[in-house]
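Enquirer: To start, I am sharing the structure in question, which I have written as structure tokens.
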Amino acid sequence: MTVAVVLLTGVPGLSAGQQAAAAAGAPGAYAFDEGAPRVEGALSTADAVRLEAGRTYRSTLPASGPVHYRLELDGASNVYVAATAAPPDGGGAAVVDGVKVSVQDGDGRSCDVDTTTFGAAASPHPVAASAAREISPRRSLCKNAGTYYVIVERADPDGKGASPDAWELELTTVSEPRPARAGATTAPDAWDSAPPEPVTGEARRRAGGAGFAEAAPLGEGVWRDDIRPGQTLFYKVPVGWGRQFNATAELGSSSSGGTGFVPAALDLDLYNPVRGHVADVGIGYDGRQRSGSLSPLPHVAYANRHAPRSQVAAMRFAGSYYLVAHLAEKVADDFGDGPVPLTLRVRVSGTPQDGPGYAGEPVPPDVFAVGEQDREAVADGREAGRAGNDTAMTALAVGGIGTGSALLVGLGVWTAAARRRTASPGR
């Protein structure tokens, strides 16, 4: 029998968040932006700490009650604030619990509010919601320069099965300047809403990240990963102006021999470049291969923001769109806690178009752009692939690895070398 002595000084091919999760034996640990300073949310607006545009912060969301943050805004830019809530592993989850974010002016009037919940699986996992101070002809409030407040709270902390614990938060802020020239004030009248054919071909390995900040870059094609019950994987797809995005997720057949049915086993969410929720699809699982596709979405256009439907309005930016896949913890009850094959079929179609031509620079400057660096990130990730992660996970299965090696006592020393995958920042 081979005995493994674990060296935990680093795991090649795995992100810092994935290393932490592996060391703790927890598949669902969220990887926060490593450079994010910690701020404390205030119980009152009077004590609210200021959030600056273009920055990412860490904070804490209490089990009940709201926390407050402050914005100092000009009278010309749209500002988007997103809160990503990361519940602790092993806690409870109410179906309609999640995170709620709102932006209010100095008189307590609402500028915008957004809520994202865990969904039918009631499986705790990272969820994000984004609210805005938007200057628009459709809005009579929140146009002036001044002090505004961000309020973050649980969506349903008293719901059946809700977690009694505090949650960790990741806060992001993005500023969007006005267009240099006035454009359309209504959403495009028509777009191809027919469900596209899923992409076919050989799947390429790509390891998902453990958070928005380390989302794995994907392009059009077929991508393969493995996902464990309770785990959440993050991917990002560059989608330019005029382009149309679609994705299909497939769970492969189980090799565990288990039986049963989990109604909402896989939750696939799509978020836009400011982490606003766009669409989602749930997939049931009975051990046989199952698939589901996001509903058809419009081409990315600045004027989409004027649409009454939230899914259309969310497709208002070019930039990185995030696919977030979560496998419900309940899958382990019927099919074991081993990984389930996950295939993503990603299609990006349509003719590229020019953007709105902003009068200034967004903050951060590259958030609403798709450039050569994004295409290189997809190519680099393809080269790194999942080969290194497969090797690393195999080594973890027999006892863990250190800086590229695990010391095995009894049958000698084995070395498992793995290439580190490339993952650029998620924004």
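Residue numbering restarts at 1 in every chain; chains get A, B, ... in the order shown in the structure tokens, and ligands count up from 1 in that same order.
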Which residues, written as a list in words, have at least one atom at most 6 Å from segment 304-312 of chain A, with only C-alpha atoms counted and residues fewer than 6 positions away on the same chain left out?
Expert: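 The residues satisfying every condition are Thr186, Ala187 and Val278 of chain A.
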Enquirer: Would you mind listing what lies within 7 Å of Arg204 of chain A as a list in words, with only C-alpha atoms counted and same-chain residues fewer than 2 positions away left out?
Expert: Glu202, Arg206, Val222, Trp223 and Arg224 of chain A
Enquirer: Just to be explicit: take each residue in the selection above, keep N, CA, C and O atoms, and write the result as a tab-separated table (two decimals), in the first residue's frame.
Expert:
chain	number	residue	atom	x	y	z
A	202	GLU	N	-15.04	18.44	-31.23
A	202	GLU	CA	-14.31	17.84	-30.12
A	202	GLU	C	-14.18	18.84	-28.97
A	202	GLU	O	-13.85	20.01	-29.18
A	206	ARG	N	-10.74	22.78	-20.28
A	206	ARG	CA	-10.51	24.12	-19.71
A	206	ARG	C	-10.99	24.12	-18.27
A	206	ARG	O	-12.15	23.83	-18.00
A	222	VAL	N	-16.39	24.07	-27.99
A	222	VAL	CA	-16.88	23.07	-27.04
A	222	VAL	C	-15.81	22.89	-25.98
A	222	VAL	O	-14.64	22.60	-26.30
A	223	TRP	N	-16.19	23.03	-24.73
A	223	TRP	CA	-15.23	23.04	-23.62
A	223	TRP	C	-15.64	22.00	-22.59
A	223	TRP	O	-16.81	21.86	-22.26
A	224	ARG	N	-14.65	21.32	-22.03
A	224	ARG	CA	-14.90	20.24	-21.08
A	224	ARG	C	-14.24	20.53	-19.74
A	224	ARG	O	-13.11	21.00	-19.67
Enquirer: To one decimal in Å, tell me the separation between atom CA of Ser136 of chain A and atom CA of Leu297 of chain A.
Expert: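 Distance between the two atoms: 22.8 Å.
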Enquirer: Would you list, as a VMD selection string, the residues of segment 13-150 of chain A that end up in strand (DSSP E or B) under DSSP run on this structure's backbone?
Expert: chain A and resid 38 42 49 to 50 56 to 61 67 to 73 78 to 86 98 to 104 110 to 117 127 to 133 146 to 150
Enquirer: Each residue of segment 169-243 of chain A with at least one atom at most 7 Å from segment 46-64 of chain A should appear once, together with its nearest atom pair and the corresponding distance in Å (one decimal); atoms considered: only C-alpha atoms; ordering: chain, then increasing residue number; output as CSV.
Expert:
residue,atom,partner,partner_atom,distance
A:Leu169,CA,A:Ser59,CA,4.9
A:Glu170,CA,A:Arg58,CA,4.7
A:Leu171,CA,A:Tyr57,CA,5.0
A:Thr172,CA,A:Thr56,CA,4.5
A:Thr173,CA,A:Ala53,CA,5.0
A:Val174,CA,A:Gly54,CA,5.0
A:Ser175,CA,A:Ala53,CA,5.8
Enquirer: How would the residues just picked look written out with C-alpha atoms as an mmCIF file, in the first residue's frame?
Expert:
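Result file is out.cif:
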data_model
loop_
_atom_site.group_PDB
_atom_site.id
_atom_site.type_symbol
_atom_site.label_atom_id
_atom_site.label_comp_id
_atom_site.auth_asym_id
_atom_site.auth_seq_id
_atom_site.Cartn_x
_atom_site.Cartn_y
_atom_site.Cartn_z
ATOM 1 C CA LEU A 169 -18.913 39.806 0.206
ATOM 2 C CA GLU A 170 -16.969 40.993 -2.826
ATOM 3 C CA LEU A 171 -17.967 44.489 -3.970
ATOM 4 C CA THR A 172 -17.121 45.919 -7.395
ATOM 5 C CA THR A 173 -17.769 49.387 -8.788
ATOM 6 C CA VAL A 174 -17.723 50.430 -12.451
ATOM 7 C CA SER A 175 -18.201 53.883 -13.974
#
Enquirer: Go through segment 91-319 of chain A and collect every residue that DSSP, computed from the backbone, puts in alpha helix (DSSP H); the answer should be as a ChimeraX atom specification.
Expert: /A:310-313
Enquirer: Can you write out the residues you just picked, keeping all heavy atoms, as an mmCIF file, in the first residue's frame?
Expert:
data_model
loop_
_atom_site.group_PDB
_atom_site.id
_atom_site.type_symbol
_atom_site.label_atom_id
_atom_site.label_comp_id
_atom_site.auth_asym_id
_atom_site.auth_seq_id
_atom_site.Cartn_x
_atom_site.Cartn_y
_atom_site.Cartn_z
ATOM 1 N N SER A 310 -35.668 42.659 -18.702
ATOM 2 C CA SER A 310 -34.376 42.749 -18.017
ATOM 3 C C SER A 310 -33.283 41.979 -18.754
ATOM 4 O O SER A 310 -32.126 42.406 -18.777
ATOM 5 C CB SER A 310 -34.506 42.237 -16.582
ATOM 6 O OG SER A 310 -34.916 40.871 -16.562
ATOM 7 N N GLN A 311 -33.641 40.821 -19.366
ATOM 8 C CA GLN A 311 -32.630 40.048 -20.074
ATOM 9 C C GLN A 311 -32.066 40.818 -21.258
ATOM 10 O O GLN A 311 -30.873 40.741 -21.557
ATOM 11 C CB GLN A 311 -33.220 38.722 -20.565
ATOM 12 C CG GLN A 311 -33.385 37.687 -19.475
ATOM 13 C CD GLN A 311 -33.753 36.328 -20.050
ATOM 14 O OE1 GLN A 311 -33.987 36.179 -21.251
ATOM 15 N NE2 GLN A 311 -33.812 35.321 -19.198
ATOM 16 N N VAL A 312 -32.925 41.559 -21.965
ATOM 17 C CA VAL A 312 -32.472 42.360 -23.096
ATOM 18 C C VAL A 312 -31.668 43.551 -22.593
ATOM 19 O O VAL A 312 -30.590 43.865 -23.104
ATOM 20 C CB VAL A 312 -33.658 42.822 -23.959
ATOM 21 C CG1 VAL A 312 -33.180 43.729 -25.093
ATOM 22 C CG2 VAL A 312 -34.405 41.616 -24.520
ATOM 23 N N ALA A 313 -32.173 44.233 -21.579
ATOM 24 C CA ALA A 313 -31.500 45.421 -21.046
ATOM 25 C C ALA A 313 -30.106 45.095 -20.517
ATOM 26 O O ALA A 313 -29.199 45.933 -20.578
ATOM 27 C CB ALA A 313 -32.343 46.049 -19.941
#
Enquirer: Find the spatial neighbours of segment 83-99 of chain A, counting only C-alpha atoms, within a cut-off of 6 Å - ignore same-chain residues fewer than 5 positions away - and output them as a ChimeraX atom specification.
Expert: /A:115-120,122-124,126-129,154-156,159-163,167-171
Enquirer: May I have the selected residues written with N, CA, C and O atoms, as a compact mmCIF listing (two decimals), in the first residue's frame?
Expert:
# COMPACT_ATOMS: atom_id res chain seq x y z
N THR A 115 -31.96 41.77 -7.23
CA THR A 115 -31.89 40.62 -6.32
C THR A 115 -31.57 39.36 -7.12
O THR A 115 -32.15 39.13 -8.17
N THR A 116 -30.64 38.56 -6.63
CA THR A 116 -30.34 37.25 -7.21
C THR A 116 -30.43 36.20 -6.12
O THR A 116 -29.88 36.38 -5.03
N THR A 117 -31.15 35.11 -6.40
CA THR A 117 -31.40 34.09 -5.38
C THR A 117 -30.73 32.77 -5.76
O THR A 117 -30.25 32.58 -6.88
N PHE A 118 -30.72 31.83 -4.80
CA PHE A 118 -30.09 30.53 -5.02
C PHE A 118 -30.89 29.66 -6.00
O PHE A 118 -30.32 28.79 -6.65
N GLY A 119 -32.19 29.84 -6.08
CA GLY A 119 -32.99 29.07 -7.01
C GLY A 119 -33.50 27.77 -6.42
O GLY A 119 -33.33 27.48 -5.23
N ALA A 120 -34.14 26.97 -7.28
CA ALA A 120 -34.90 25.80 -6.84
C ALA A 120 -34.05 24.76 -6.12
O ALA A 120 -34.56 24.02 -5.29
N ALA A 122 -31.86 25.19 -3.89
CA ALA A 122 -31.60 25.57 -2.51
C ALA A 122 -30.22 25.09 -2.06
O ALA A 122 -30.04 24.60 -0.95
N SER A 123 -29.25 25.24 -2.94
CA SER A 123 -27.87 24.84 -2.66
C SER A 123 -27.03 26.11 -2.52
O SER A 123 -26.97 26.92 -3.45
N PRO A 124 -26.38 26.33 -1.37
CA PRO A 124 -25.63 27.57 -1.19
C PRO A 124 -24.45 27.66 -2.14
O PRO A 124 -23.67 26.71 -2.29
N PRO A 126 -21.97 30.99 -4.50
CA PRO A 126 -21.80 32.43 -4.75
C PRO A 126 -22.83 32.95 -5.74
O PRO A 126 -23.06 32.35 -6.80
N VAL A 127 -23.47 34.06 -5.40
CA VAL A 127 -24.42 34.73 -6.29
C VAL A 127 -24.11 36.22 -6.28
O VAL A 127 -23.63 36.77 -5.29
N ALA A 128 -24.41 36.88 -7.39
CA ALA A 128 -24.10 38.31 -7.52
C ALA A 128 -25.33 39.07 -7.99
O ALA A 128 -26.14 38.57 -8.77
N ALA A 129 -25.46 40.30 -7.51
CA ALA A 129 -26.50 41.22 -7.96
C ALA A 129 -25.86 42.58 -8.17
O ALA A 129 -24.89 42.93 -7.48
N ARG A 154 -29.49 40.42 2.74
CA ARG A 154 -29.94 39.10 2.33
C ARG A 154 -31.32 39.23 1.69
O ARG A 154 -32.15 40.05 2.09
N ALA A 155 -31.62 38.37 0.72
CA ALA A 155 -32.91 38.41 0.05
C ALA A 155 -34.02 37.83 0.93
O ALA A 155 -35.14 38.35 0.95
N ASP A 156 -33.74 36.77 1.68
CA ASP A 156 -34.75 36.13 2.53
C ASP A 156 -34.06 35.40 3.68
O ASP A 156 -34.03 34.17 3.72
N GLY A 159 -36.16 32.68 5.55
CA GLY A 159 -36.77 31.59 4.81
C GLY A 159 -36.41 30.23 5.37
O GLY A 159 -35.40 30.06 6.07
N LYS A 160 -37.23 29.24 5.05
CA LYS A 160 -37.00 27.88 5.53
C LYS A 160 -35.65 27.36 5.04
O LYS A 160 -35.37 27.36 3.85
N GLY A 161 -34.80 26.94 5.97
CA GLY A 161 -33.50 26.40 5.65
C GLY A 161 -32.42 27.45 5.44
O GLY A 161 -31.29 27.10 5.08
N ALA A 162 -32.74 28.72 5.68
CA ALA A 162 -31.76 29.79 5.45
C ALA A 162 -30.58 29.67 6.39
O ALA A 162 -30.70 29.24 7.54
N SER A 163 -29.41 30.07 5.89
CA SER A 163 -28.19 30.01 6.69
C SER A 163 -28.22 31.04 7.81
O SER A 163 -28.57 32.20 7.58
N TRP A 167 -22.14 36.10 5.77
CA TRP A 167 -21.56 35.75 4.49
C TRP A 167 -20.44 36.72 4.14
O TRP A 167 -20.49 37.90 4.51
N GLU A 168 -19.47 36.23 3.40
CA GLU A 168 -18.44 37.10 2.86
C GLU A 168 -18.94 37.78 1.58
O GLU A 168 -19.73 37.19 0.83
N LEU A 169 -18.49 39.02 1.36
CA LEU A 169 -18.91 39.81 0.21
C LEU A 169 -17.71 40.25 -0.61
O LEU A 169 -16.64 40.53 -0.07
N GLU A 170 -17.91 40.33 -1.93
CA GLU A 170 -16.97 40.99 -2.83
C GLU A 170 -17.75 42.09 -3.54
O GLU A 170 -18.76 41.82 -4.20
N LEU A 171 -17.30 43.33 -3.39
CA LEU A 171 -17.97 44.49 -3.97
C LEU A 171 -17.15 45.04 -5.12
O LEU A 171 -15.93 45.20 -5.00
Enquirer: Hey, what's within 7 Å of Glu176 of chain A if we count only C-alpha atoms and toss same-chain stuff fewer than 2 positions away? As a list in words, please?
Expert: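 Contacts, in chain order: Ser77, Asn78, Val79, Val174, Arg178, Pro362 and Val363 of chain A.
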Enquirer: List as a ChimeraX atom specification the protein and nucleic acid residues near Tyr235 of chain A, meaning an atom at most 9 Å away when only C-alpha atoms are counted, but skip any in the same chain fewer than 2 places from it.
Expert: /A:207-209,211-212,214-218,233,237,321-325,426
Enquirer: Which residues are close to Gly219 of chain A, i.e. within 12 Å by only C-alpha atoms, leaving aside same-chain residues fewer than 2 positions away? Reply as number ranges by chain.
Expert: A: 199, 204, 206, 216-217, 221-223, 235-240, 245-247, 320-323, 344-349, 370, 374-382
Enquirer: One decimal, in Å: what's the spacing between atom CA of Arg275 of chain A and atom CA of Pro341 of chain A?
Expert: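 Atom-to-atom, atom CA of Arg275 of chain A and atom CA of Pro341 of chain A are spaced 26.2 Å apart.
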